[in-house]
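These notes are about the structure you will find just below.
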Amino acid sequence: MLSHKQIELKLQAAVRDILPDADVSAVLVRPCDPKFGDYQSNALMSLAKTRKLNPRQLATEVLAKLEVSETCETVEIAGAGFLNFRLKNSVLTQSLEAAARGEHLFFEKTASPKTVVIDFSSPNVAKPMHVGHIRSTGIGDALQRTWRLLGHRVITDNHIGDWGTQFGKLLLGWKQALDRAALERDAITELERLYKVINAECDANPERLEEAKAELVKLQAGDAENHSIWEEMIRLSQIQFDAIYARLGVKFDHALGESFYNRWLGEVVNDLLHRGIARESEGAVGVFSDGSLPPKEDPFLVNRDGEWIDDPALVRKSDGGFNYTTTDLATIDYRLKTWSPDEIIYVVDDRQGPHFKKLFIIFTRWQPDRAKKVKLVHAGFGKILGDDGKPFKTRSGDTVKLSDLLVEAEERAFKIVSEKNAELPEAERREIARVIGIGAVKYADLLPNRQSDYIFSWDKMLALQGNTAPYLLYAYARIRSIFRKAAESSAIQLPTTNIQLSAPEEFRLARHLVNFGLTLEAVADELRPNYLCNYLFELAGKFTSFYENCPVLKAGDAATRASRLALCDLTARVLKQGLETLGIATVEQM
RNA sequence: GCGCGCGUAGCUCAAUUGGAUAGAGCGUCAGCCUCCGAAGCUGAAGGUUGUGGGUUCAACCCCCGCCGCGCGCACCA
């Protein structure tokens, strides 16, 4: 078991001894400033607070019952009632040696695996994937990798936008303005062009709009021709999606698009009507406030000129069509029926926050018993901005296509790699540039706090200094280089190596290595891959300090050499595993 | 207008959600390559966390007011 977990359990036991009725689930330890120790717990202060106890007094009592001599050198009470723990050096080295033997890599599988559905990426048929999709795709993929690594059962589902009113216009465009040759060359661009042409015509001419609506009605009614055109558009789009996902190294267990749920939408609405959850209004059907929440917190109410008026979620339009709320309700229903998840996580733009708020409430009203058994979570994220602080666009003002972005990333990386490694064959430089370019884009997207907007900058993400993918990849490549060099001279038996820590840089590196698992758990708990980014950046920094100050291959004696090589190896493995968990590949040299 | 979100070093961002002296990178300044990859490392300067109050052992974080910016406001998703 990981050391911090052992401490946590002992601490919880001690707290239960003193306060038998306390909820100890919040009694946790966290890594802390090295001047205080390795781990800190501030839990006793809040416990003391709610019980009106003297916090230092409580800490003293708990400390008397605390038996952590196996793992800790010292435990101290500090400040207002912190407990500071310092690990024994022997515990540290034992953990490193076990990792060197391959018994673990500083994390462990969860004791209570959950089933979790993660819904991310969700591109639209007949539209190019654009820069915005990188966020949902990258964050979603990093989260699913983290949950899986920790031993949870993960189901990824790409909720593709393959249905909706846009198909009326697309069908009309396909029938009247399709350029076959252009479709052969670049299907998505041609489909996008068709949409724009017809959309402009519809804006100018109401008759065209009626024609488009008629095409949509025919599609929805199962018209054979329209249906086969629609299928063709999906097929062509899927080729685009597959190409991009292959490039990004992203896979899904399922890709059940919106259209998959069509068969149930009528039932959903009828059931909502029947149960009195939805009602008719102005020809449409919507879900309204049930008055159970104060108006300020009620997403189904909006204040207009001092009065609270209805802001319903529509589940059927006045023309009989359905909205995405309906589809999303059917989707939750299907997912619960099919996979019985403990949790469903939606990695979707923050702007859809109000939608999910309503959606989750409606589902809870619709199926209260099943809703109790599942946690529905909207993991929202912010926008990508240009350096002018406005949404990231091309120079001509169009949205940036994801495929163009990835091409440019690789090209820019190739230029840099070629400058630094002119001697490498071009094929190798291409491959290194591919990994660096894609990795840089992904990493730059995962690094900021999920919910904040961030400014897109090629120079920053591809820089080799600072908190970037190239910096981490460089640290990894340097370590691999040590082993290439080591292989020339001597045979190294890492798994049987004794770890000896003496230099302060060795200790700092070692203490950071053992916190890998704790970081992974924080990522999964809070759905924040940026914790892992920062962990890896610090790891690379601590490694380079170690490397600058502690000769490895040139160490005086064989035992030190072997021990330091083992530290190098462990660092490389954690870096590689960590990057992989972020969906980023590594290179042996760069 | 109403609601939601944001405001942290010159710039770009963190701060494990109420914990200890708010941290990085870029930029600036000063150092380090006859020495395992200098695409690197070390150090310095830089902050009233938009602003005014409040809550408490403790506030960037919670509450109230104000200022500024962004987003959203039924039959698109």
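Numbering starts fresh at 1 for the residues of each chain in the structure tokens, the chains themselves are lettered A, B, ... in the order given, and ligands are numbered from 1 as they appear.
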- Item | At most 6 Å to chain A: residues in chain B, only C-alpha atoms (C1' of nucleotides), as a list in words | C2, G25, C36, G37, A39 and C75 of chain B
- Query: Contacts of A:Ser69 at 12 Å or less, counting only C-alpha atoms (C1' of nucleotides), minus same-chain residues fewer than 3 places along, as number ranges by chain?
  - Reply: A: 3, 6-7, 10-11, 63, 65-66, 72-75, 85-88, 90-91
- Task: Identify, on the basis of only C-alpha atoms (C1' of nucleotides), every residue whose closest approach to stretch 67-72 of chain B does not exceed 9 Å; exclude the query and any residue fewer than 4 positions from it along the same chain; express the result as a list in words.
- Result: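 Residues near the query, excluding close chain neighbours: Arg351, Gln352 and Pro354 of chain A; G3, C4, G5, C6, G7, G50 and U51 of chain B.
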- Task: Kindly give the distance, in Å, that separates atom CA of A:Thr93 and atom CA of A:Ile499, rounded to a single decimal.
- Result: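 For atom CA of A:Thr93 relative to atom CA of A:Ile499, the distance reads 5.9 Å.
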- Query: What does the distance between atom CA of A:Leu92 and atom CA of A:Tyr535 come to in Å, to one decimal place?
  - Reply: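 Value for the atom CA of A:Leu92-atom CA of A:Tyr535 distance: 18.3 Å.
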- Item | Contacts of A:Arg16 at 12 Å (only C-alpha atoms (C1' of nucleotides); same-chain gap of 6+ positions) as a list in words | Leu9, Lys10, Ala22, Asp23, Val24, Ser25, Val27, Leu44, Leu47, Glu61, Val62, Lys65 and Leu66 of chain A
For the selection you just gave me, I'd like the residues written to a file as a PDB file, in the first residue's frame, keeping N, CA and C atoms.
ATOM      1  N   LEU A   9      -4.986   5.792   6.861  1.00  0.00           N
ATOM      2  CA  LEU A   9      -5.779   4.785   7.584  1.00  0.00           C
ATOM      3  C   LEU A   9      -5.498   4.832   9.081  1.00  0.00           C
ATOM      4  N   LYS A  10      -4.223   4.949   9.422  1.00  0.00           N
ATOM      5  CA  LYS A  10      -3.852   5.006  10.838  1.00  0.00           C
ATOM      6  C   LYS A  10      -4.432   6.262  11.488  1.00  0.00           C
ATOM      7  N   ALA A  22     -17.298  10.466  14.592  1.00  0.00           N
ATOM      8  CA  ALA A  22     -16.842  11.376  13.536  1.00  0.00           C
ATOM      9  C   ALA A  22     -16.856  10.687  12.172  1.00  0.00           C
ATOM     10  N   ASP A  23     -17.167  11.464  11.162  1.00  0.00           N
ATOM     11  CA  ASP A  23     -17.050  10.968   9.793  1.00  0.00           C
ATOM     12  C   ASP A  23     -15.595  11.147   9.380  1.00  0.00           C
ATOM     13  N   VAL A  24     -14.885  10.020   9.237  1.00  0.00           N
ATOM     14  CA  VAL A  24     -13.447  10.139   8.980  1.00  0.00           C
ATOM     15  C   VAL A  24     -13.114  10.145   7.493  1.00  0.00           C
ATOM     16  N   SER A  25     -14.154  10.137   6.655  1.00  0.00           N
ATOM     17  CA  SER A  25     -13.866  10.076   5.214  1.00  0.00           C
ATOM     18  C   SER A  25     -13.140  11.327   4.737  1.00  0.00           C
ATOM     19  N   VAL A  27     -10.905  12.800   6.583  1.00  0.00           N
ATOM     20  CA  VAL A  27      -9.611  12.857   7.267  1.00  0.00           C
ATOM     21  C   VAL A  27      -8.550  12.310   6.317  1.00  0.00           C
ATOM     22  N   LEU A  44      -7.996  17.766  11.359  1.00  0.00           N
ATOM     23  CA  LEU A  44      -8.374  17.856  12.778  1.00  0.00           C
ATOM     24  C   LEU A  44      -8.920  19.241  13.125  1.00  0.00           C
ATOM     25  N   LEU A  47     -12.533  19.301  12.219  1.00  0.00           N
ATOM     26  CA  LEU A  47     -13.275  18.461  13.171  1.00  0.00           C
ATOM     27  C   LEU A  47     -13.446  19.190  14.506  1.00  0.00           C
ATOM     28  N   GLU A  61      -4.439  14.727  21.516  1.00  0.00           N
ATOM     29  CA  GLU A  61      -5.105  13.469  21.877  1.00  0.00           C
ATOM     30  C   GLU A  61      -5.010  12.451  20.750  1.00  0.00           C
ATOM     31  N   VAL A  62      -5.245  12.922  19.522  1.00  0.00           N
ATOM     32  CA  VAL A  62      -5.168  12.016  18.379  1.00  0.00           C
ATOM     33  C   VAL A  62      -3.747  11.489  18.225  1.00  0.00           C
ATOM     34  N   LYS A  65      -2.853   8.538  20.205  1.00  0.00           N
ATOM     35  CA  LYS A  65      -3.416   7.255  19.742  1.00  0.00           C
ATOM     36  C   LYS A  65      -2.835   6.819  18.395  1.00  0.00           C
ATOM     37  N   LEU A  66      -2.013   7.693  17.821  1.00  0.00           N
ATOM     38  CA  LEU A  66      -1.562   7.467  16.452  1.00  0.00           C
ATOM     39  C   LEU A  66      -0.323   6.590  16.421  1.00  0.00           C
TER      40      LEU A  66
END
- Message: So that I can check the surroundings of A:Leu579, please list as a VMD selection string every protein, DNA and RNA residue that reaches within 9 Å of it, counting only C-alpha atoms (C1' of nucleotides) and ignoring chain neighbours fewer than 5 positions away.
- Response: chain A and resid 439 443 469 472 to 473 532 to 533 536 574 584 to 586
